[in-house]
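> Here it is: the structure, laid out below.
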Amino acid sequence: HKKGVNCVVPAARLDGAVSAGRDCTIKLWRREQQEPVRELLGHQLSIAAIALSVDNETLCSGSRDSSVRVWDVQRGVCTARSQVSRNVVTCMSWVSTEPLVLQGSEDLHLRLWDHRAMSKPAAVMAGYTYFPLTCAAMGDYFLTGSNGFDGEGCELRLWDRRTLRQLVEMKGHLQAVSALDILPPTTSGASTLMAVSGSKDGELRLWELSSGACVAQQHLPAGGVCGLAASLPEDHPHTHFYTSTTCGEVHAYQADKQTGFVRVVTSTATGS
């Protein structure tokens, strides 16, 4: 990329990853190859978010040019686009195996798109004070984390996709919620849906979504959270959380309701 990279998503079925950035390009990378194998062009301003389908065949992208585009990954072509006035895209998440993409915007709206019919959003949710900065989808639930400052905003909101109504609002972070993930009910020692969030205040939080209660907290040694991913290692009962910080560090934790966060490993990205 010729300018900063804003987002990267793994593409396991393509044996690589997809990235997008301020240079208005999307690049497909393959493991062990230093140059991108494909470049997608079309956006006019910085690309803020991308979401890849489970089969890795379709990609959605959102930009500061107020457009959302759908791409055929194999052919490298844009198959559909939609432009909504003031829809400055901030985040995106694919809705499991369905043809739906969740998208947040600086205009304080959360939009749901069906990539097969892009003439207008399939649904629109409103009610934010500060715009959603990060989002995740699982089953019938949408989770967003908001921008904010000094405890104003900075909340997580859980939405019911069936009714398009907000179920729970979770407060506690003191700065913008910059990353989050929903965990399946079989992980983290819980019988209900759980979520983990990271903030620019340098704190990780584990939430029980049914009640909106924060059940564990972990303050990072330095820097705010700028990225977060969760995975369940094989033959391991607890989810691992990998988080990157503004100080160039990567931390790994496991967590559950009983023990809270337990550090697994820390590394420093030299020269980052």
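Residue numbering restarts at 1 in every chain; chains get A, B, ... in the order shown in the structure tokens, and ligands count up from 1 in that same order.
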Find the residues around A:Gln218 up to 7 Å (only C-alpha atoms counted), leave out those fewer than 6 positions away in its own chain, and share them as a list in words.

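Here the answer would be Glu203, Leu204, Arg205 and Phe261 of chain A.
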
> Which residues are near stretch 62-73 of chain A? Cut-off 9 Å, only C-alpha atoms, ignore same chain within fewer than 2 positions. Put them as a PyMOL selection string.

chain A and resi 24+28+38+40+42-51+56-60+75-92+103+105+115-116+118

> For A:Val9, please output as an MDAnalysis selection string all residues within 12 Å (counting only C-alpha atoms; exclusion window: fewer than 3 positions along the same chain).

chainID A and resid 5:6 12 14:20 26:29 49:54 56 59:61 92:94 227:229

> Would you mind telling me which residue in A:Gly153, A:Gly148, A:Gly104, A:Gly202 lies nearest to A:Glu249 when using only C-alpha atoms?

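Going through A:Gly153, A:Gly148, A:Gly104, A:Gly202 one by one, the smallest distance to A:Glu249 is for A:Gly202.
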
> In Å, rounded to a single decimal, give me how far atom CA of A:Asp181 is from atom CA of A:Ala136.

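About the pair atom CA of A:Ala136 and atom CA of A:Asp181: they are 6.0 Å apart.
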
> Report, in Å to a single decimal, how far apart atom CA of A:Gly223 and atom CA of A:Asp150 are.

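Value for the atom CA of A:Asp150-atom CA of A:Gly223 distance: 16.0 Å.
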
> Write out as a VMD selection string the residues lying within 12 Å of stretch 163-169 of chain A, counting only C-alpha atoms and excluding same-chain residues fewer than 6 positions away.

chain A and resid 110 to 112 122 to 128 140 to 146 153 to 157 207 to 214

> Considering only C-alpha atoms, return as a ChimeraX atom specification whatever protein or nucleic-acid residues lie within 10 Å of A:Thr259, sequence-local ones (same chain, fewer than 2 positions apart) excluded.

/A:188-189,215-216,254-257,261-262

> For the structure I just gave you, how does DSSP split stretch 10-250 of chain A - specifically, which residues are strand (DSSP E)? Reply as a PyMOL selection string.

chain A and resi 10-11+16-21+25-30+38-41+47-52+58-63+67-72+77-83+89-94+100-105+109-114+123-126+132-138+141-146+148-149+152-153+156-160+165-170+177-183+194-199+203-208+213-219+225-231+240-245+249-250

> Distance atom CA of A:Asp201-atom CA of A:His219, one decimal place?

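These two atoms are separated by 8.6 Å.
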